[in-house]
>>> print(open('run13.cif').read())   # mmCIF, C-alpha atoms
data_input
#
loop_
_atom_site.label_atom_id
_atom_site.label_comp_id
_atom_site.auth_asym_id
_atom_site.auth_seq_id
_atom_site.Cartn_x
_atom_site.Cartn_y
_atom_site.Cartn_z
CA MET F 92 0.00 0.00 0.00
CA PRO F 93 1.43 3.39 -0.94
CA LEU F 94 2.44 5.67 1.91
CA ILE F 95 0.54 8.63 0.39
CA PRO F 96 -2.94 8.36 -1.06
CA ARG F 97 -3.30 9.09 -4.76
CA GLY F 98 -5.23 12.34 -4.21
CA SER F 99 -2.67 13.65 -1.74
CA ALA F 100 0.17 12.78 -4.09
CA ALA F 101 -1.46 14.77 -6.87
CA PHE F 102 -1.97 17.69 -4.53
CA LEU F 103 1.63 17.49 -3.41
CA LEU F 104 2.81 17.42 -7.02
CA LEU F 105 0.78 20.53 -7.82
CA ALA F 106 2.12 22.31 -4.76
CA ALA F 107 5.69 21.46 -5.68
CA MET F 108 5.12 22.71 -9.22
CA ALA F 109 3.67 25.91 -7.83
CA ALA F 110 6.72 26.35 -5.65
CA LEU F 111 9.08 25.88 -8.58
CA LEU F 112 7.05 28.23 -10.76
CA GLY F 113 6.84 30.89 -8.08
CA GLY F 114 10.56 30.71 -7.43
CA ALA F 115 11.41 30.81 -11.13
CA VAL F 116 9.18 33.82 -11.75
CA GLY F 117 10.63 35.55 -8.72
CA LEU F 118 14.16 34.97 -9.99
CA LEU F 119 13.24 36.32 -13.41
CA ALA F 120 11.63 39.37 -11.83
CA LEU F 121 14.74 40.12 -9.85
CA THR F 122 17.16 39.69 -12.75
CA ALA F 123 14.93 41.84 -14.99
CA THR F 124 16.15 44.91 -13.13
CA SER F 125 19.64 44.65 -14.62
CA GLY F 126 20.94 44.97 -18.17
CA ASP F 127 19.82 47.15 -21.08
CA GLU F 128 16.44 47.04 -22.76
CA GLY F 129 17.79 47.48 -26.28
CA THR F 130 17.87 50.41 -28.67
CA ARG F 131 15.12 52.58 -30.05
CA PRO F 132 15.15 55.73 -32.19
CA ALA F 133 15.12 59.05 -30.34
CA ALA F 134 15.45 61.38 -33.35
CA THR F 135 15.44 60.52 -37.05
CA GLY F 136 15.75 62.28 -40.41
CA LEU F 137 18.89 64.16 -39.34
CA VAL F 138 21.82 65.19 -41.53
CA ALA F 139 25.07 63.83 -40.11
CA PRO F 140 24.40 64.02 -36.34
CA ARG F 141 27.92 64.11 -34.92
CA GLY F 142 27.92 65.64 -31.42
CA LEU F 143 25.78 65.10 -28.31
CA HIS F 144 25.59 66.90 -24.98
CA PRO F 145 23.21 66.17 -22.07
CA LEU F 146 21.37 69.06 -20.44
CA PRO F 147 20.58 69.32 -16.72
CA ASP F 148 16.82 69.27 -17.34
CA GLY F 149 17.00 65.93 -19.15
CA GLY F 150 17.18 67.40 -22.66
CA LEU F 151 19.87 66.57 -25.20
CA LEU F 152 21.82 68.83 -27.57
CA ILE F 153 22.62 67.48 -31.04
CA ALA F 154 25.27 68.99 -33.32
CA GLU F 155 24.16 68.24 -36.85
CA GLY F 156 26.73 68.31 -39.63
CA GLY F 157 23.99 69.65 -41.86
CA GLY F 158 24.36 73.04 -40.18
CA ARG F 159 22.14 73.03 -37.11
CA ILE F 160 22.23 72.71 -33.33
CA LEU F 161 19.14 70.87 -32.12
CA ARG F 162 17.58 70.19 -28.75
CA LEU F 163 15.77 66.94 -28.02
CA ASP F 164 13.35 67.52 -25.14
CA PRO F 165 12.78 64.80 -22.53
CA ASP F 166 9.32 64.17 -24.05
CA GLY F 167 10.89 63.50 -27.46
CA VAL F 168 10.13 66.85 -29.12
CA LEU F 169 12.94 68.08 -31.39
CA GLN F 170 13.60 71.84 -31.49
CA THR F 171 16.06 73.97 -33.46
CA VAL F 172 18.47 75.96 -31.29
CA ALA F 173 20.56 77.45 -34.12
CA GLU F 174 20.55 76.95 -37.88
CA GLN F 175 22.27 78.10 -41.07
CA LEU F 176 25.62 77.22 -39.52
CA PRO F 177 28.66 76.44 -41.69
CA THR F 178 28.14 73.22 -43.62
CA ALA F 179 29.45 71.61 -46.80
CA THR F 180 29.27 68.29 -48.60
CA SER F 181 32.25 66.28 -49.72
CA THR F 182 32.96 63.57 -52.23
CA LEU F 183 35.16 61.88 -49.67
CA TYR F 184 34.17 58.52 -48.22
CA GLY F 185 31.77 57.46 -50.92
CA GLY F 186 30.27 60.88 -51.61
CA MET F 187 27.97 60.95 -48.58
CA TYR F 188 30.12 62.94 -46.20
CA THR F 189 28.69 66.15 -44.71
CA ILE F 190 31.01 68.65 -43.01
CA GLY F 191 29.67 70.94 -40.33
CA PRO F 192 29.18 71.32 -36.57
CA SER F 193 30.48 68.43 -34.52
CA GLY F 194 31.17 68.91 -30.80
CA VAL F 195 28.59 70.88 -28.81
CA ALA F 196 28.29 71.97 -25.17
CA PHE F 197 26.20 74.22 -22.94
CA ALA F 198 27.56 76.27 -20.02
CA GLY F 199 26.72 79.55 -18.31
CA GLY F 200 23.60 80.10 -20.38
CA ALA F 201 25.44 79.85 -23.71
CA TYR F 202 25.93 77.19 -26.36
CA TYR F 203 29.38 76.29 -27.69
CA PHE F 204 30.21 74.28 -30.79
CA VAL F 205 33.08 73.62 -33.17
CA VAL F 206 33.20 73.25 -36.95
CA GLY F 207 36.17 71.55 -38.56
CA GLU F 208 37.71 69.96 -41.64
CA PHE F 209 36.79 72.31 -44.48
CA ARG F 210 39.16 75.13 -45.47
CA ASP F 211 36.67 77.90 -46.03
CA LYS F 212 35.08 80.85 -44.26
CA GLY F 213 33.44 79.85 -41.00
CA PHE F 214 35.13 76.47 -40.72
CA ARG F 215 38.01 75.39 -38.46
CA GLU F 216 36.54 77.49 -35.68
CA ALA F 217 34.98 77.43 -32.21
CA TYR F 218 31.74 79.34 -31.61
CA ARG F 219 29.67 80.75 -28.78
CA TYR F 220 25.94 81.25 -29.27
CA GLU F 221 23.36 82.87 -27.00
CA PRO F 222 19.66 82.56 -27.82
CA GLY F 223 18.40 85.60 -29.66
CA GLY F 224 21.84 86.51 -30.94
CA ARG F 225 24.18 85.26 -33.64
CA PRO F 226 27.00 82.71 -33.36
CA VAL F 227 30.27 84.43 -32.49
CA ARG F 228 33.61 83.13 -33.72
CA LEU F 229 35.82 82.83 -30.67
CA THR F 230 39.30 82.92 -32.20
CA GLY F 231 38.64 85.35 -35.05
CA GLN F 232 41.40 83.72 -37.04
CA ASP F 233 41.75 83.55 -40.78
CA PRO F 234 40.07 80.22 -41.70
CA LEU F 235 42.77 79.61 -44.32
CA GLY F 236 45.49 79.85 -41.69
CA LEU F 237 47.27 82.85 -43.18
CA GLU F 238 47.38 85.88 -40.86
CA PRO F 239 47.33 85.27 -37.97
CA PRO F 240 48.04 81.52 -38.18
CA ASN F 241 45.05 79.32 -37.44
CA PHE F 242 45.93 76.71 -34.84
CA LEU F 243 42.52 75.11 -35.14
CA THR F 244 42.85 72.70 -38.06
CA ASN F 245 40.15 70.06 -37.57
CA PRO F 246 38.33 70.54 -34.26
CA TYR F 247 36.16 67.55 -33.39
CA ASP F 248 34.86 67.89 -29.84
CA LEU F 249 35.03 70.33 -26.93
CA ALA F 250 34.60 70.72 -23.19
CA VAL F 251 34.02 73.96 -21.27
CA ASP F 252 36.29 74.76 -18.33
CA PRO F 253 34.90 76.47 -15.21
CA ASP F 254 36.79 79.65 -16.20
CA GLY F 255 34.94 79.78 -19.53
CA SER F 256 37.82 78.61 -21.72
CA LEU F 257 37.36 75.71 -24.11
CA LEU F 258 39.36 72.53 -24.46
CA VAL F 259 39.14 71.28 -28.03
CA SER F 260 40.26 67.98 -29.54
CA ASP F 261 41.93 68.68 -32.88
CA SER F 262 42.20 65.58 -35.06
CA GLY F 263 44.17 67.50 -37.68
CA ILE F 264 47.27 68.03 -35.53
CA ASN F 265 46.67 65.25 -32.96
CA ALA F 266 46.42 67.59 -30.00
CA VAL F 267 44.04 69.03 -27.45
CA LEU F 268 43.97 72.83 -27.66
CA ARG F 269 42.83 75.49 -25.21
CA VAL F 270 40.84 78.49 -26.40
CA ASN F 271 40.69 81.07 -23.61
CA THR F 272 38.01 83.71 -23.17
CA ALA F 273 40.08 86.20 -25.18
CA GLY F 274 40.12 83.81 -28.16
CA GLU F 275 43.80 82.92 -27.77
CA VAL F 276 44.69 79.38 -28.77
CA SER F 277 47.40 77.36 -27.04
CA LYS F 278 48.46 73.74 -26.80
CA TYR F 279 46.98 71.82 -23.88
CA VAL F 280 48.69 68.57 -24.85
CA ASP F 281 50.24 66.85 -27.85
CA ILE F 282 49.13 63.23 -28.24
CA ALA F 283 52.16 61.08 -29.00
CA PRO F 284 52.06 58.58 -31.91
CA LEU F 285 51.10 55.00 -31.21
CA THR F 286 54.08 52.67 -31.30
CA GLY F 287 54.39 48.92 -31.38
CA VAL F 288 50.92 48.21 -32.78
CA ALA F 289 51.74 48.22 -36.51
CA SER F 290 54.72 48.08 -38.85
CA THR F 291 55.05 51.87 -38.52
CA ASP F 292 54.04 54.39 -35.89
CA LEU F 293 50.39 55.44 -36.12
CA ASP F 294 48.86 58.84 -35.56
CA SER F 295 47.02 59.25 -32.27
CA VAL F 296 43.91 60.98 -33.58
CA PRO F 297 41.92 62.59 -30.71
CA THR F 298 38.15 62.48 -30.97
CA GLY F 299 35.62 62.65 -28.12
CA LEU F 300 36.28 64.61 -24.90
CA THR F 301 34.59 64.38 -21.51
CA ARG F 302 35.05 65.45 -17.90
CA GLY F 303 35.37 62.48 -15.60
CA PRO F 304 33.89 62.09 -12.11
CA ASP F 305 37.32 63.08 -10.74
CA GLY F 306 37.36 66.37 -12.67
CA ALA F 307 40.09 65.26 -15.07
CA LEU F 308 39.69 65.45 -18.84
CA TYR F 309 39.40 62.21 -20.81
CA VAL F 310 39.98 61.98 -24.56
CA GLY F 311 39.37 59.10 -26.94
CA ILE F 312 41.93 58.16 -29.58
CA LEU F 313 40.76 56.87 -32.95
CA SER F 314 44.27 55.68 -33.92
CA GLY F 315 45.63 56.19 -37.40
CA HIS F 316 45.16 54.23 -40.62
CA PRO F 317 44.73 51.25 -40.93
CA TYR F 318 42.99 51.51 -37.53
CA PRO F 319 44.20 48.17 -36.13
CA GLU F 320 41.89 46.27 -33.83
CA GLY F 321 42.65 46.97 -30.19
CA ALA F 322 45.03 49.88 -30.90
CA ALA F 323 42.77 52.74 -29.81
CA ARG F 324 42.95 54.03 -26.25
CA ILE F 325 41.65 56.58 -23.77
CA TYR F 326 43.93 59.20 -22.19
CA ARG F 327 43.45 60.95 -18.87
CA LEU F 328 44.60 64.60 -18.84
CA GLU F 329 45.08 66.70 -15.71
CA ASP F 330 46.80 70.05 -15.27
CA ARG F 331 48.29 69.30 -11.85
CA ASN F 332 50.58 72.32 -11.53
CA GLY F 333 48.09 74.88 -12.83
CA ASP F 334 50.23 76.10 -15.75
CA GLY F 335 47.38 75.78 -18.27
CA ASP F 336 48.39 72.54 -19.95
CA ALA F 337 48.78 68.81 -19.33
CA MET F 338 52.25 68.43 -20.84
CA ASP F 339 54.28 67.98 -17.68
CA GLU F 340 55.38 64.62 -16.32
CA GLY F 341 52.49 62.51 -15.07
CA GLU F 342 49.80 64.85 -16.37
CA THR F 343 48.90 62.73 -19.42
CA THR F 344 48.44 59.01 -18.81
CA VAL F 345 46.82 56.05 -20.58
CA TYR F 346 43.57 55.41 -18.72
CA ALA F 347 42.29 52.45 -20.77
CA ASP F 348 43.33 50.67 -23.97
CA GLY F 349 42.40 47.77 -26.22
CA PHE F 350 39.67 49.61 -28.16
CA THR F 351 39.13 50.01 -31.91
CA ALA F 352 38.40 53.28 -33.76
CA VAL F 353 37.16 55.27 -30.75
CA THR F 354 34.88 58.21 -31.57
CA ASP F 355 33.56 59.32 -28.17
CA VAL F 356 33.81 58.68 -24.44
CA THR F 357 31.77 59.50 -21.35
CA PHE F 358 30.99 58.11 -17.91
CA ASP F 359 27.73 56.61 -16.68
CA ALA F 360 26.12 57.17 -13.28
CA ASP F 361 28.16 54.31 -11.79
CA GLY F 362 31.45 55.87 -12.87
CA SER F 363 32.05 53.28 -15.59
CA LEU F 364 33.54 54.41 -18.89
CA LEU F 365 31.36 54.24 -21.99
CA VAL F 366 33.05 54.19 -25.40
CA THR F 367 31.75 54.28 -28.97
CA GLU F 368 33.76 52.44 -31.61
CA MET F 369 33.09 53.63 -35.17
CA SER F 370 33.49 50.35 -37.07
CA ASN F 371 34.96 46.88 -36.90
CA ASP F 372 36.79 47.61 -40.17
CA LEU F 373 37.27 51.34 -40.61
CA ALA F 374 40.09 50.83 -43.14
CA THR F 375 37.68 49.16 -45.57
CA LEU F 376 35.12 51.93 -45.11
CA ASP F 377 37.79 54.54 -45.80
CA ASP F 378 38.59 52.71 -49.00
CA GLN F 379 35.13 51.72 -50.21
CA GLY F 380 32.88 54.42 -48.76
CA TYR F 381 30.82 54.98 -45.65
CA ALA F 382 27.68 53.94 -47.50
CA ARG F 383 28.76 50.44 -46.49
CA SER F 384 28.76 51.22 -42.78
CA THR F 385 26.02 48.68 -42.12
CA GLU F 386 28.38 45.95 -43.37
CA TYR F 387 31.13 47.02 -40.98
CA PRO F 388 29.21 48.23 -37.93
CA GLY F 389 30.45 49.84 -34.76
CA ARG F 390 29.40 49.33 -31.17
CA LEU F 391 29.00 50.83 -27.71
CA VAL F 392 31.05 49.25 -24.92
CA ARG F 393 31.42 49.73 -21.17
CA TRP F 394 34.73 49.49 -19.28
CA ARG F 395 34.49 49.22 -15.49
CA GLY F 396 38.17 49.42 -14.62
CA GLU F 397 41.57 47.85 -15.00
CA GLY F 398 41.46 44.07 -15.17
CA GLN F 399 37.75 44.04 -16.05
CA GLU F 400 36.33 42.62 -19.24
CA VAL F 401 34.93 45.08 -21.78
CA GLU F 402 31.15 44.75 -21.81
CA VAL F 403 29.33 45.17 -25.12
CA VAL F 404 26.30 47.37 -24.43
CA ALA F 405 25.05 47.61 -28.03
CA ASP F 406 26.46 46.00 -31.17
CA GLY F 407 25.71 46.45 -34.86
CA LEU F 408 25.56 50.25 -34.69
CA PHE F 409 25.58 52.27 -37.91
CA SER F 410 28.60 54.64 -37.68
CA PRO F 411 28.32 55.70 -34.01
CA THR F 412 30.09 59.04 -33.59
CA ALA F 413 29.00 60.47 -30.22
CA LEU F 414 27.31 59.51 -26.97
CA ALA F 415 25.79 61.13 -23.92
CA VAL F 416 24.19 59.93 -20.68
CA SER F 417 20.99 61.66 -19.58
CA ALA F 418 20.07 62.56 -16.02
CA ASP F 419 17.90 59.43 -15.73
CA GLY F 420 20.67 57.12 -16.94
CA ASP F 421 19.61 56.57 -20.56
CA VAL F 422 22.44 56.46 -23.08
CA PHE F 423 22.10 58.33 -26.39
CA VAL F 424 24.26 57.50 -29.42
CA SER F 425 24.39 59.38 -32.72
CA GLU F 426 24.59 57.21 -35.84
CA GLU F 427 26.02 59.71 -38.29
CA PHE F 428 25.43 58.01 -41.63
CA ALA F 429 22.04 56.67 -40.56
CA GLY F 430 20.94 60.24 -39.79
CA ARG F 431 19.54 59.42 -36.39
CA VAL F 432 20.10 59.39 -32.63
CA ILE F 433 19.18 56.25 -30.72
CA ARG F 434 18.34 55.76 -27.05
CA ILE F 435 19.62 52.81 -25.05
CA GLY F 436 17.66 52.64 -21.80
CA LYS F 437 17.98 50.68 -18.60
CA GLY F 438 15.67 47.73 -17.97
CA SER F 439 12.82 48.17 -15.50
CA PRO F 440 11.65 45.71 -12.81
CA ALA F 441 8.74 43.38 -13.58
CA PRO F 442 5.45 44.64 -12.09
CA PHE F 443 5.23 43.58 -8.44
CA GLY F 444 8.30 41.47 -8.99
CA PHE F 445 9.14 41.61 -5.28
CA LEU F 446 6.02 39.46 -4.59
CA TYR F 447 7.11 36.52 -6.71
CA PRO F 448 9.84 35.18 -4.41
CA LEU F 449 7.34 35.46 -1.55
CA ILE F 450 4.75 33.50 -3.52
CA GLY F 451 7.34 30.85 -4.28
CA ALA F 452 8.29 30.55 -0.62
CA LEU F 453 4.63 30.24 0.46
CA ALA F 454 4.00 27.60 -2.19
CA ALA F 455 7.01 25.64 -1.00
CA LEU F 456 5.77 25.84 2.60
CA LEU F 457 2.35 24.68 1.48
CA ALA F 458 3.94 21.72 -0.27
CA VAL F 459 5.75 20.68 2.92
CA VAL F 460 2.56 20.97 5.02
CA ALA F 461 0.60 18.97 2.46
CA ALA F 462 3.24 16.26 2.44
CA ARG F 463 3.18 15.95 6.23
CA TRP F 464 -0.62 15.88 6.28
CA ALA F 465 -0.79 13.26 3.55
CA SER F 466 1.81 11.09 5.24
CA ARG F 467 -0.07 11.10 8.53
CA ARG F 468 -3.34 10.16 6.81
CA SER F 469 -1.74 7.24 5.00
CA TRP F 470 -0.79 5.60 8.33
CA ARG F 471 -4.21 5.86 9.90
#
>>> encode(input="run13.cif", output="structure tokens")
Amino acid sequence: MPLIPRGSAAFLLLAAMAALLGGAVGLLALTATSGDEGTRPAATGLVAPRGLHPLPDGGLLIAEGGGRILRLDPDGVLQTVAEQLPTATSTLYGGMYTIGPSGVAFAGGAYYFVVGEFRDKGFREAYRYEPGGRPVRLTGQDPLGLEPPNFLTNPYDLAVDPDGSLLVSDSGINAVLRVNTAGEVSKYVDIAPLTGVASTDLDSVPTGLTRGPDGALYVGILSGHPYPEGAARIYRLEDRNGDGDAMDEGETTVYADGFTAVTDVTFDADGSLLVTEMSNDLATLDDQGYARSTEYPGRLVRWRGEGQEVEVVADGLFSPTALAVSADGDVFVSEEFAGRVIRIGKGSPAPFGFLYPLIGALAALLAVVAARWASRRSWR
């Protein structure tokens, strides 16, 4: 004779299944709070979006190579901040390359942006813009570099210092430059060539700039042609002695390396470094045209510190050129040749997920009680 009657055994089986199901759902609910929820468009139909800057109120500035500075409101509404800015098209890179504003920032009630690459009036310059006015060239230099000489050759990104001066990454001369409030340009640091990663030394091409949680300046390095895998790096710059540059011993150090074709850097709320990598084969795109960017995509990665594995946050990105982290922790990435900005948000907990482990525990307890009750009945 079985120790447990058939009806009790069935009840016990159902209770055990309920316990397992409750526990499994509870575990899924808890793990659902971590990780990213994927990508979704935040702004589309743009012309070469190349620079991003988060605003304190949750908005986002977008520097559009097509000649505009845009603001993306937290509710998704896109507004024009400034337009009719210097822009030009080029037959370089497959004939789909637009030259215009790239880096953008906001500080002290004013907007700042840089325009690089093209040798014509209005290009190779840093600007300040206040709503209701007109963009003001900060250096006032001859754009052709004649008199006085123009030290800005190909500005890519910028950061605003507390004193109002700008720090500008210049990918034309592989340096970070300082533009003070009087419009005077000086070297902040020269970025030394990369050695030991190819048959010849490679240019260290500076791209994205950001202020770190420690107040130091961080700059991403694209690396020079042929952009070998793992050759790009991130430098940490700090003017320790207050002389206006980071060229003294110990002021410029390698913060992280092992990246490929870095275009921008920033930090998330946890203090981890976020990096955009333009492409997994930038040399081929340079040769065959950026119209093929979908075939050689880039990615967004997270680096948590020395000795930690690089975490891929989003892969298969279409020419990612800039990133920014909003006040609520969402990550925005501009895909230049796709003409859009995407949002990569954090996952949210399952509804009432905290109840599921409790349900599982109660079901397990019920199963134990049922087993004891059934066992006692079988011996009567």
>>> residues_near_point(input="run13.cif", point="(28.6, 74.0, -41.3)", cutoff="6 Å", atoms="all atoms listed in the file", output="ChimeraX atom specification")
/F:158,176-178,191-192
>>> resolve_selection(input="run13.cif", expression="the PyMOL selection byres ((chain F and resi 389-402) around 6)", output="list in words")
Ser363, Leu364, Leu365, Val366, Thr367, Glu368, Met369, Ser370, Asn371, Pro388, Val403, Val404, Ala405, Asp406, Gly407, Leu408 and Ser410 of chain F
>>> closest_residue(input="run13.cif", among="F:Val172, F:Ala196, F:Val356, F:Ala413", to="F:Ser425", atoms="all atoms listed in the file")
F:Ala413
>>> closest_residue(input="run13.cif", among="F:Thr375, F:Thr344, F:Asn245, F:Thr135", to="F:Val206", atoms="only C-alpha atoms")
F:Asn245
>>> resolve_selection(input="run13.cif", expression="the PyMOL selection byres ((chain F and resi 306) around 12)", output="PyMOL selection string")
chain F and resi 250-253+301-305+307-309+327-331+358
>>> write_last_selection(input="run13.cif", atoms="C-alpha atoms", output="compact mmCIF listing (two decimals), in the coordinates of the input")
# COMPACT_ATOMS: atom_id res chain seq x y z
CA ALA F 250 34.60 70.72 -23.19
CA VAL F 251 34.02 73.96 -21.27
CA ASP F 252 36.29 74.76 -18.33
CA PRO F 253 34.90 76.47 -15.21
CA THR F 301 34.59 64.38 -21.51
CA ARG F 302 35.05 65.45 -17.90
CA GLY F 303 35.37 62.48 -15.60
CA PRO F 304 33.89 62.09 -12.11
CA ASP F 305 37.32 63.08 -10.74
CA ALA F 307 40.09 65.26 -15.07
CA LEU F 308 39.69 65.45 -18.84
CA TYR F 309 39.40 62.21 -20.81
CA ARG F 327 43.45 60.95 -18.87
CA LEU F 328 44.60 64.60 -18.84
CA GLU F 329 45.08 66.70 -15.71
CA ASP F 330 46.80 70.05 -15.27
CA ARG F 331 48.29 69.30 -11.85
CA PHE F 358 30.99 58.11 -17.91
>>> resolve_selection(input="run13.cif", expression="the PyMOL selection byres ((chain F and resi 257-263) around 8)", output="JSON, numbers by chain")
{"F": [208, 243, 244, 245, 246, 247, 248, 249, 250, 251, 252, 255, 256, 264, 265, 266, 267, 268, 269, 270, 271, 279, 296, 297, 298, 299, 300, 310]}
>>> atom_distance(input="run13.cif", atom1="atom CA of F:Arg324", atom2="atom CA of F:Ile433")
24.3 Å
